[in-house]
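Peer 1: Sharing query-v4.txt, compact mmCIF, C-alpha atoms:
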# COMPACT_ATOMS: atom_id res chain seq x y z
CA MET A 294 80.40 119.12 67.13
CA SER A 295 83.54 117.61 65.73
CA LYS A 296 83.72 113.84 66.03
CA PHE A 297 87.19 114.26 67.53
CA PHE A 298 85.74 115.87 70.61
CA GLU A 299 82.97 113.48 71.53
CA ASP A 300 84.73 112.50 74.73
CA VAL A 301 84.90 115.98 76.18
CA VAL A 302 84.02 116.02 79.86
CA LYS A 303 81.33 118.59 80.41
CA ALA A 304 81.72 120.92 83.36
CA ASP A 305 78.55 119.80 85.09
CA GLU A 306 79.54 116.14 84.89
CA GLY A 307 82.59 116.63 87.05
CA GLU A 308 85.81 114.72 86.73
CA VAL A 309 86.77 111.18 87.59
CA PHE A 310 89.36 110.98 90.37
CA ASP A 311 91.23 107.87 91.36
CA ILE A 312 91.41 108.01 95.14
CA GLU A 313 93.84 105.82 97.04
CA LEU A 314 92.14 104.50 100.15
CA GLU A 315 94.25 101.56 101.35
CA GLU A 316 91.58 100.94 103.94
CA SER A 317 91.57 97.57 105.64
CA VAL A 318 88.07 96.21 106.06
CA LEU A 319 89.02 93.63 108.68
CA LYS A 320 91.06 96.18 110.63
CA ALA A 321 87.98 97.54 112.39
CA ASN A 322 87.40 94.17 114.05
CA ARG A 323 91.09 93.72 114.86
CA LYS A 324 91.20 97.14 116.50
CA LEU A 325 88.23 96.27 118.71
CA ALA A 326 89.83 92.91 119.51
CA ASP A 327 93.00 94.71 120.64
CA GLU A 328 90.89 96.99 122.82
CA ASN A 329 89.16 93.98 124.37
CA ARG A 330 92.48 92.35 125.09
CA LYS A 331 93.91 95.47 126.70
CA LEU A 332 90.82 95.93 128.85
CA LEU A 333 90.90 92.30 130.01
CA ASN A 334 94.65 92.49 130.64
CA THR A 335 94.22 95.60 132.75
CA HIS A 336 91.91 93.63 135.00
CA GLY A 337 94.13 90.56 135.03
CA ILE A 338 91.55 88.49 133.17
CA LYS A 339 92.64 85.65 130.91
CA ALA A 340 90.29 85.01 127.99
CA VAL A 341 90.08 81.77 126.05
CA ASP A 342 88.20 81.25 122.79
CA VAL A 343 86.47 77.94 122.28
CA MET A 344 85.75 77.19 118.64
CA GLY A 345 84.47 74.13 116.82
CA SER A 346 81.75 72.74 114.58
CA ILE A 347 78.12 72.46 115.56
CA GLY A 348 77.87 69.55 117.99
CA ALA A 349 81.63 69.07 118.44
CA GLY A 350 81.30 69.55 122.21
CA LYS A 351 82.18 73.19 122.83
CA THR A 352 79.64 73.67 125.62
CA SER A 353 80.43 70.30 127.25
CA LEU A 354 84.14 71.14 127.17
CA ILE A 355 83.47 74.48 128.86
CA GLU A 356 81.26 72.80 131.49
CA ASN A 357 84.12 70.42 132.27
CA LEU A 358 86.71 73.20 132.31
CA VAL A 359 84.50 75.17 134.70
CA LYS A 360 84.18 72.13 136.99
CA LEU A 361 87.96 71.71 137.13
CA LEU A 362 88.86 75.38 137.45
CA ARG A 363 86.12 77.09 139.45
CA LYS A 364 87.85 76.53 142.80
CA ARG A 365 90.96 78.33 141.63
CA TYR A 366 89.48 80.96 139.33
CA ARG A 367 86.47 83.24 139.28
CA ILE A 368 85.03 82.32 135.90
CA ALA A 369 82.68 83.95 133.42
CA VAL A 370 81.47 82.49 130.14
CA PHE A 371 80.27 84.19 126.95
CA LYS A 372 78.06 81.86 125.04
CA GLY A 373 77.58 82.71 121.38
CA ASP A 374 74.58 81.28 119.59
CA LEU A 375 72.30 82.34 116.81
CA THR A 376 69.04 82.75 118.68
CA THR A 377 68.78 80.39 121.67
CA THR A 378 70.00 80.42 125.28
CA ILE A 379 69.75 76.62 125.83
CA ASP A 380 73.51 76.17 126.26
CA ALA A 381 73.89 79.36 128.26
CA GLU A 382 71.43 77.99 130.83
CA LYS A 383 73.31 74.68 130.86
CA ILE A 384 76.56 76.42 131.80
CA LYS A 385 74.85 78.70 134.32
CA ARG A 386 73.92 75.65 136.40
CA HIS A 387 77.60 75.38 137.34
CA GLY A 388 77.31 78.61 139.25
CA VAL A 389 79.34 80.90 137.00
CA ASP A 390 78.43 84.17 135.31
CA VAL A 391 77.14 83.57 131.80
CA VAL A 392 76.42 86.20 129.17
CA ALA A 393 74.47 84.85 126.22
CA ILE A 394 75.41 86.51 122.94
CA ASN A 395 72.86 85.97 120.20
CA THR A 396 74.23 86.85 116.81
CA GLY A 397 70.85 86.63 115.09
CA LYS A 398 71.87 85.28 111.71
CA GLU A 399 75.60 85.85 111.79
CA CYS A 400 77.81 82.77 111.62
CA HIS A 401 80.49 83.97 114.05
CA LEU A 402 81.12 86.25 117.02
CA ASP A 403 82.97 89.47 116.38
CA ALA A 404 85.01 91.74 118.63
CA ASN A 405 82.20 94.29 118.77
CA LEU A 406 79.70 91.79 120.22
CA VAL A 407 82.32 90.60 122.69
CA GLN A 408 83.01 94.19 123.71
CA LYS A 409 79.30 94.66 124.45
CA ALA A 410 79.27 91.46 126.49
CA ILE A 411 82.35 92.56 128.46
CA GLN A 412 80.38 95.63 129.52
CA ARG A 413 77.88 93.33 131.24
CA LEU A 414 80.57 91.85 133.50
CA ASN A 415 81.91 93.07 136.78
CA LEU A 416 85.55 92.87 135.74
CA GLU A 417 86.79 93.13 139.31
CA LYS A 418 85.16 89.81 140.12
CA ILE A 419 86.56 87.67 137.30
CA ASP A 420 89.92 86.05 136.54
CA LEU A 421 89.05 83.77 133.67
CA LEU A 422 86.72 84.17 130.70
CA PHE A 423 85.70 81.48 128.25
CA ILE A 424 84.23 82.69 124.98
CA GLU A 425 82.25 80.05 123.14
CA ASN A 426 81.93 80.95 119.49
CA VAL A 427 79.08 80.02 117.17
CA GLY A 428 79.43 76.45 115.86
CA ASN A 429 81.54 76.93 112.76
CA LEU A 430 85.08 76.06 111.67
CA ILE A 431 85.32 78.68 108.97
CA CYS A 432 84.19 82.22 109.74
CA PRO A 433 85.43 82.54 113.36
CA ALA A 434 89.01 82.26 112.05
CA GLU A 435 88.47 85.62 110.33
CA PHE A 436 87.44 87.54 113.43
CA PRO A 437 89.81 87.65 116.40
CA LEU A 438 87.95 88.58 119.60
CA GLY A 439 90.78 89.68 121.88
CA SER A 440 91.38 86.44 123.73
CA GLU A 441 94.78 85.24 124.85
CA LYS A 442 94.42 81.62 123.82
CA ARG A 443 92.29 79.65 121.42
CA VAL A 444 90.98 76.12 121.82
CA VAL A 445 89.54 74.30 118.83
CA ILE A 446 87.49 71.20 119.56
CA VAL A 447 86.87 68.59 116.91
CA SER A 448 85.04 65.30 117.47
CA VAL A 449 85.54 61.90 115.89
CA THR A 450 81.86 61.86 114.90
CA GLU A 451 82.60 64.58 112.38
CA GLY A 452 84.59 62.08 110.36
CA PRO A 453 88.27 61.59 109.60
CA TYR A 454 88.87 64.70 107.46
CA MET A 455 87.67 67.60 109.62
CA VAL A 456 91.18 68.86 110.42
CA THR A 457 92.52 68.63 106.89
CA LYS A 458 89.44 70.34 105.49
CA HIS A 459 89.78 73.38 107.74
CA PRO A 460 93.52 74.00 108.16
CA PHE A 461 93.30 77.71 108.90
CA ILE A 462 91.29 77.51 112.10
CA PHE A 463 93.78 74.95 113.43
CA MET A 464 96.65 77.31 112.59
CA ASP A 465 95.10 79.82 114.98
CA ALA A 466 94.77 77.37 117.87
CA GLU A 467 97.11 76.90 120.83
CA VAL A 468 95.18 73.85 122.03
CA VAL A 469 93.16 71.29 120.09
CA ALA A 470 90.80 68.89 121.83
CA ILE A 471 89.86 65.75 119.94
CA ASN A 472 86.54 64.86 121.50
CA LYS A 473 84.20 61.86 121.75
CA VAL A 474 87.16 59.47 121.64
CA ASP A 475 84.91 56.85 123.29
CA LEU A 476 83.06 56.68 119.96
CA ALA A 477 86.17 56.35 117.81
CA ALA A 478 85.81 52.60 117.19
CA ALA A 479 82.12 52.90 116.33
CA MET A 480 82.90 55.73 113.93
CA ASP A 481 85.94 53.94 112.52
CA VAL A 482 87.91 57.16 112.95
CA ASP A 483 91.42 57.09 114.37
CA PRO A 484 91.94 59.95 116.88
CA ASN A 485 95.71 59.60 116.42
CA LYS A 486 95.32 60.32 112.71
CA LEU A 487 93.42 63.53 113.59
CA LYS A 488 96.24 64.43 115.99
CA THR A 489 98.86 63.83 113.26
CA ASP A 490 96.90 66.12 110.94
CA VAL A 491 96.79 68.87 113.57
CA LYS A 492 100.53 68.53 114.23
CA LYS A 493 101.28 68.69 110.50
CA ILE A 494 99.32 71.91 110.10
CA ASN A 495 100.36 73.51 113.37
CA PRO A 496 103.41 71.91 115.01
CA ASN A 497 103.10 74.19 118.04
CA ALA A 498 99.53 73.23 118.99
CA SER A 499 98.98 71.00 122.03
CA VAL A 500 96.58 68.17 121.38
CA ALA A 501 94.38 66.44 124.00
CA PHE A 502 92.01 63.49 123.63
CA THR A 503 88.76 64.08 125.48
CA ASN A 504 85.41 62.56 126.30
CA CYS A 505 83.45 65.58 127.44
CA ARG A 506 80.47 63.43 128.46
CA THR A 507 82.52 61.94 131.32
CA GLY A 508 85.15 64.67 131.62
CA GLU A 509 87.96 62.30 130.71
CA GLY A 510 91.03 64.03 129.30
CA VAL A 511 89.86 67.57 130.08
CA ASP A 512 92.66 67.87 132.67
CA ALA A 513 95.09 67.70 129.74
CA VAL A 514 93.32 70.67 128.15
CA VAL A 515 93.68 72.59 131.43
CA GLU A 516 97.37 71.75 131.53
CA ALA A 517 97.89 72.71 127.88
CA LEU A 518 96.22 76.05 128.56
CA GLY A 519 98.66 76.58 131.41
CA PHE A 520 96.01 76.93 134.13
CA MET B 286 71.65 97.94 105.74
CA GLU B 287 69.06 95.32 106.42
CA PHE B 288 70.45 92.63 104.11
CA ALA B 289 73.75 92.43 105.91
CA GLY B 290 74.65 89.99 108.59
CA ARG B 291 73.77 86.57 107.23
CA VAL B 292 77.12 85.26 106.14
CA HIS B 293 80.34 87.10 106.71
CA GLU B 294 80.59 88.16 103.06
CA GLY B 295 77.42 90.14 103.81
CA SER B 296 78.83 92.00 106.78
CA ILE B 297 82.22 92.58 105.16
CA THR B 298 80.67 93.92 101.96
CA THR B 299 78.43 96.19 104.05
CA GLN B 300 81.58 97.64 105.61
CA ILE B 301 83.13 98.10 102.17
CA VAL B 302 80.09 99.95 100.85
CA GLU B 303 79.81 102.07 103.99
CA SER B 304 83.50 103.04 103.82
CA VAL B 305 83.16 104.08 100.19
CA LEU B 306 79.97 106.04 100.95
CA LYS B 307 81.82 107.88 103.71
CA GLU B 308 84.53 108.85 101.25
CA VAL B 309 81.86 109.91 98.74
CA GLU B 310 80.27 112.16 101.32
CA GLN B 311 83.56 113.72 102.37
CA ARG B 312 84.53 114.49 98.81
CA LYS B 313 81.01 115.37 97.72
CA ALA B 314 81.34 112.95 94.82
CA LYS B 315 78.47 112.50 92.40
CA LYS B 316 79.07 108.94 91.41
CA VAL B 317 81.38 106.02 92.05
CA VAL B 318 82.79 104.50 88.89
CA GLU B 319 85.08 101.78 90.19
CA VAL B 320 86.12 100.17 93.47
CA ASN B 321 89.42 98.27 93.67
CA LEU B 322 89.54 95.61 96.32
CA ILE B 323 92.31 93.25 97.45
CA ILE B 324 91.13 90.06 99.10
CA GLY B 325 93.89 88.14 100.87
CA SER B 326 94.18 84.53 99.73
CA LEU B 327 94.06 83.38 103.37
CA THR B 328 90.74 85.04 104.13
CA PHE B 329 87.50 83.13 103.89
CA LEU B 330 85.96 85.69 101.60
CA ASN B 331 84.59 84.25 98.42
CA PRO B 332 84.92 86.92 95.66
CA GLU B 333 81.78 85.63 93.94
CA GLN B 334 79.72 86.14 97.10
CA VAL B 335 81.30 89.55 97.72
CA ARG B 336 80.19 90.54 94.19
CA PHE B 337 76.68 89.31 94.85
CA TRP B 338 76.41 91.35 98.06
CA TYR B 339 78.02 94.36 96.39
CA GLU B 340 75.33 94.41 93.75
CA MET B 341 72.56 94.07 96.35
CA LEU B 342 73.99 96.66 98.74
CA THR B 343 74.83 99.33 96.16
CA LYS B 344 71.33 99.46 94.68
CA ASP B 345 69.86 102.98 94.85
CA THR B 346 73.18 104.46 96.00
CA VAL B 347 75.80 106.44 94.08
CA LEU B 348 77.72 103.17 93.84
CA GLU B 349 75.04 101.47 91.76
CA GLY B 350 76.43 100.12 88.52
CA SER B 351 80.05 100.74 89.52
CA LYS B 352 82.73 98.26 88.60
CA LEU B 353 84.10 96.09 91.40
CA VAL B 354 87.66 94.98 90.65
CA ILE B 355 88.90 92.21 92.92
CA GLU B 356 92.57 91.30 93.14
CA GLU B 357 93.92 88.41 95.18
CA GLY B 358 96.42 89.34 97.92
CA GLU B 359 99.28 86.89 98.31
CA GLY B 360 99.57 84.81 101.46
CA THR B 361 103.05 84.82 102.97
CA VAL B 362 104.60 83.25 106.04
CA GLN B 363 107.83 83.93 107.91
CA CYS B 364 110.04 81.61 109.94
CA SER B 365 111.33 82.96 113.25
CA LYS B 366 114.20 80.46 113.24
CA CYS B 367 115.81 80.72 109.79
CA GLY B 368 114.12 83.86 108.51
CA TYR B 369 112.46 82.18 105.51
CA LYS B 370 109.79 84.39 104.00
CA GLY B 371 107.46 83.21 101.30
CA ASN B 372 104.79 80.69 100.57
CA PHE B 373 103.50 77.95 102.87
CA LYS B 374 104.90 74.49 102.99
CA TYR B 375 102.14 72.42 101.48
CA ILE B 376 101.57 68.76 102.11
CA ASP B 377 100.26 67.00 99.07
CA ASP B 378 97.90 64.22 99.98
CA SER B 379 96.32 62.44 97.06
CA ALA B 380 93.03 62.24 98.99
CA PHE B 381 92.56 65.99 98.57
CA HIS B 382 92.43 67.97 95.40
CA VAL B 383 94.03 70.98 97.07
CA PRO B 384 97.39 70.59 98.89
CA MET B 385 97.15 71.25 102.62
CA PRO B 386 98.97 74.38 103.89
CA THR B 387 100.97 73.96 107.11
CA LEU B 388 102.84 76.16 109.57
CA GLN B 389 105.97 74.05 109.12
CA CYS B 390 108.93 75.96 107.72
CA PRO B 391 109.79 74.70 104.20
CA LYS B 392 113.51 75.44 104.81
CA CYS B 393 114.25 74.30 108.37
CA ASP B 394 112.46 72.38 111.14
CA GLY B 395 111.09 75.60 112.65
CA SER B 396 107.55 76.85 112.49
CA VAL B 397 106.28 79.87 110.61
CA LYS B 398 103.84 82.68 111.28
CA ILE B 399 101.43 84.13 108.76
CA VAL B 400 102.53 87.66 107.82
CA SER B 401 100.18 88.55 104.98
CA GLY B 402 97.12 87.34 103.14
CA LYS B 403 94.60 87.60 105.97
CA ASP B 404 93.33 91.02 105.08
CA CYS B 405 90.76 92.63 102.82
CA VAL B 406 91.72 96.11 101.67
CA ILE B 407 89.88 98.76 99.69
CA LYS B 408 92.83 99.85 97.59
CA SER B 409 91.31 102.71 95.65
CA VAL B 410 88.05 104.16 94.42
CA LYS B 411 87.38 105.98 91.18
CA MET B 412 84.71 108.59 91.69
CA LEU B 413 83.14 111.38 89.73
CA ILE B 414 83.62 114.61 91.64
Re-express the file's structure as structure tokens.
Peer 2:
Amino acid sequence: MSKFFEDVVKADEGEVFDIELEESVLKANRKLADENRKLLNTHGIKAVDVMGSIGAGKTSLIENLVKLLRKRYRIAVFKGDLTTTIDAEKIKRHGVDVVAINTGKECHLDANLVQKAIQRLNLEKIDLLFIENVGNLICPAEFPLGSEKRVVIVSVTEGPYMVTKHPFIFMDAEVVAINKVDLAAAMDVDPNKLKTDVKKINPNASVAFTNCRTGEGVDAVVEALGF
Amino acid sequence: MEFAGRVHEGSITTQIVESVLKEVEQRKAKKVVEVNLIIGSLTFLNPEQVRFWYEMLTKDTVLEGSKLVIEEGEGTVQCSKCGYKGNFKYIDDSAFHVPMPTLQCPKCDGSVKIVSGKDCVIKSVKMLI
């Protein structure tokens, strides 16, 4: 064979085609999130995401929100966790429907898991749904779930730089709760500095100072959510 | 895919591989030579980790040994007040080695919305048919 023809494509090898796909990988989740939102809207249900680090106070915030709102709304809570139902049981004591979502090893909830959880609810009997995400300030920002509003909770015990370190999740939030303000002096963290950081990143976010152990300040979160 | 679902790079890369395999099946391709991926700069997908998962997940498939080309998708914002479209306004604080992006409009006192950079797209696939 001539050395000029070494590159000949043999018939049985086939041919290389460049195929345009333009397929969005994150679109699948977004589509499911839109479906969730439509389904909840159809039933007049408002859904609120609660996101924050491990130990920031997501469950305590929801417990307090439930206490303040359960007379006016029929509430259900989705409680995302890796493998336990400890927090789900905690919330259940307040007499609301709780669906525990265990992600196994995944670091966030996705719209598909939320869709499955929605199927467990009697949608005619609910007006308000809180969705507590897995403790994480990074991955949940990538996966919208179909909720109408998002609350991010950050506590002073996480240190002074939590907001600045994770700007994107705060961009997605309508309401930010700065929690454990009773410990601010002991932690030498200024809650007002955290608020300034939030306002710099997302000027439209409402910020509330809370102590979810006593319930102090949670009324401001309710107000900011428009409930 | 039993490896998937530990960090979100795992689940996203599983979706990428599954989408390509679907295309392979439809076109009855023999082998995948190259996959071109755009990862938006505002996603939390670390290209290095996507590569790691890609290698793991393509083992013993027609994608094994294929080249994964990753391009960064630009993040852009738009102001609803003055119409500015472009990059974020960054606040440079000497305490941080990376300037902090904000939703403040760099041109006026309005606020901006993110319009691109939050997606991950399989742009094209080179396959042997």
Peer 1: Give me, as a PyMOL selection string, the contact residues of chain A against chain B at a cut-off of 9 Å, counting all atoms listed in the file.
Peer 2: chain A and resi 306-320+396-401+431-432+434-435+457-458+460-461+464+492-497
Peer 1: Let's have the selection written as a PDB file, in the coordinates of the input, with C-alpha atoms.
Peer 2:
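Writing done, so here's selection_6.pdb:
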ATOM      1  CA  GLU A 306      79.540 116.140  84.890  1.00  0.00           C
ATOM      2  CA  GLY A 307      82.590 116.630  87.050  1.00  0.00           C
ATOM      3  CA  GLU A 308      85.810 114.720  86.730  1.00  0.00           C
ATOM      4  CA  VAL A 309      86.770 111.180  87.590  1.00  0.00           C
ATOM      5  CA  PHE A 310      89.360 110.980  90.370  1.00  0.00           C
ATOM      6  CA  ASP A 311      91.230 107.870  91.360  1.00  0.00           C
ATOM      7  CA  ILE A 312      91.410 108.010  95.140  1.00  0.00           C
ATOM      8  CA  GLU A 313      93.840 105.820  97.040  1.00  0.00           C
ATOM      9  CA  LEU A 314      92.140 104.500 100.150  1.00  0.00           C
ATOM     10  CA  GLU A 315      94.250 101.560 101.350  1.00  0.00           C
ATOM     11  CA  GLU A 316      91.580 100.940 103.940  1.00  0.00           C
ATOM     12  CA  SER A 317      91.570  97.570 105.640  1.00  0.00           C
ATOM     13  CA  VAL A 318      88.070  96.210 106.060  1.00  0.00           C
ATOM     14  CA  LEU A 319      89.020  93.630 108.680  1.00  0.00           C
ATOM     15  CA  LYS A 320      91.060  96.180 110.630  1.00  0.00           C
ATOM     16  CA  THR A 396      74.230  86.850 116.810  1.00  0.00           C
ATOM     17  CA  GLY A 397      70.850  86.630 115.090  1.00  0.00           C
ATOM     18  CA  LYS A 398      71.870  85.280 111.710  1.00  0.00           C
ATOM     19  CA  GLU A 399      75.600  85.850 111.790  1.00  0.00           C
ATOM     20  CA  CYS A 400      77.810  82.770 111.620  1.00  0.00           C
ATOM     21  CA  HIS A 401      80.490  83.970 114.050  1.00  0.00           C
ATOM     22  CA  ILE A 431      85.320  78.680 108.970  1.00  0.00           C
ATOM     23  CA  CYS A 432      84.190  82.220 109.740  1.00  0.00           C
ATOM     24  CA  ALA A 434      89.010  82.260 112.050  1.00  0.00           C
ATOM     25  CA  GLU A 435      88.470  85.620 110.330  1.00  0.00           C
ATOM     26  CA  THR A 457      92.520  68.630 106.890  1.00  0.00           C
ATOM     27  CA  LYS A 458      89.440  70.340 105.490  1.00  0.00           C
ATOM     28  CA  PRO A 460      93.520  74.000 108.160  1.00  0.00           C
ATOM     29  CA  PHE A 461      93.300  77.710 108.900  1.00  0.00           C
ATOM     30  CA  MET A 464      96.650  77.310 112.590  1.00  0.00           C
ATOM     31  CA  LYS A 492     100.530  68.530 114.230  1.00  0.00           C
ATOM     32  CA  LYS A 493     101.280  68.690 110.500  1.00  0.00           C
ATOM     33  CA  ILE A 494      99.320  71.910 110.100  1.00  0.00           C
ATOM     34  CA  ASN A 495     100.360  73.510 113.370  1.00  0.00           C
ATOM     35  CA  PRO A 496     103.410  71.910 115.010  1.00  0.00           C
ATOM     36  CA  ASN A 497     103.100  74.190 118.040  1.00  0.00           C
TER      37      ASN A 497
END
Peer 1: Each residue of range 375-414 of chain A with at least one atom at most 9 Å from range 357-364 of chain A should appear once, together with its nearest atom pair and the corresponding distance in Å (one decimal); atoms considered: all atoms listed in the file; ordering: chain, then increasing residue number; output as a Markdown table.
Peer 2:
| residue | atom | partner | partner_atom | distance |
| --- | --- | --- | --- | --- |
| A:Ile384 | CA | A:Val359 | CA | 8.5 |
| A:His387 | CA | A:Lys360 | CA | 7.3 |
| A:Gly388 | CA | A:Arg363 | CA | 8.9 |
| A:Val389 | CA | A:Val359 | CA | 8.0 |
Peer 1: Report, in Å to a single decimal, how far apart CA of Gly325 in chain B and CA of Lys307 in chain B are.
Peer 2: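 So the two atoms, CA of Lys307 in chain B and CA of Gly325 in chain B, lie 23.3 Å apart.
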Peer 1: Please indicate the distance in Å from CA of Glu467 in chain A to CA of Cys505 in chain A, rounded to one decimal place.
Peer 2: 18.9 Å
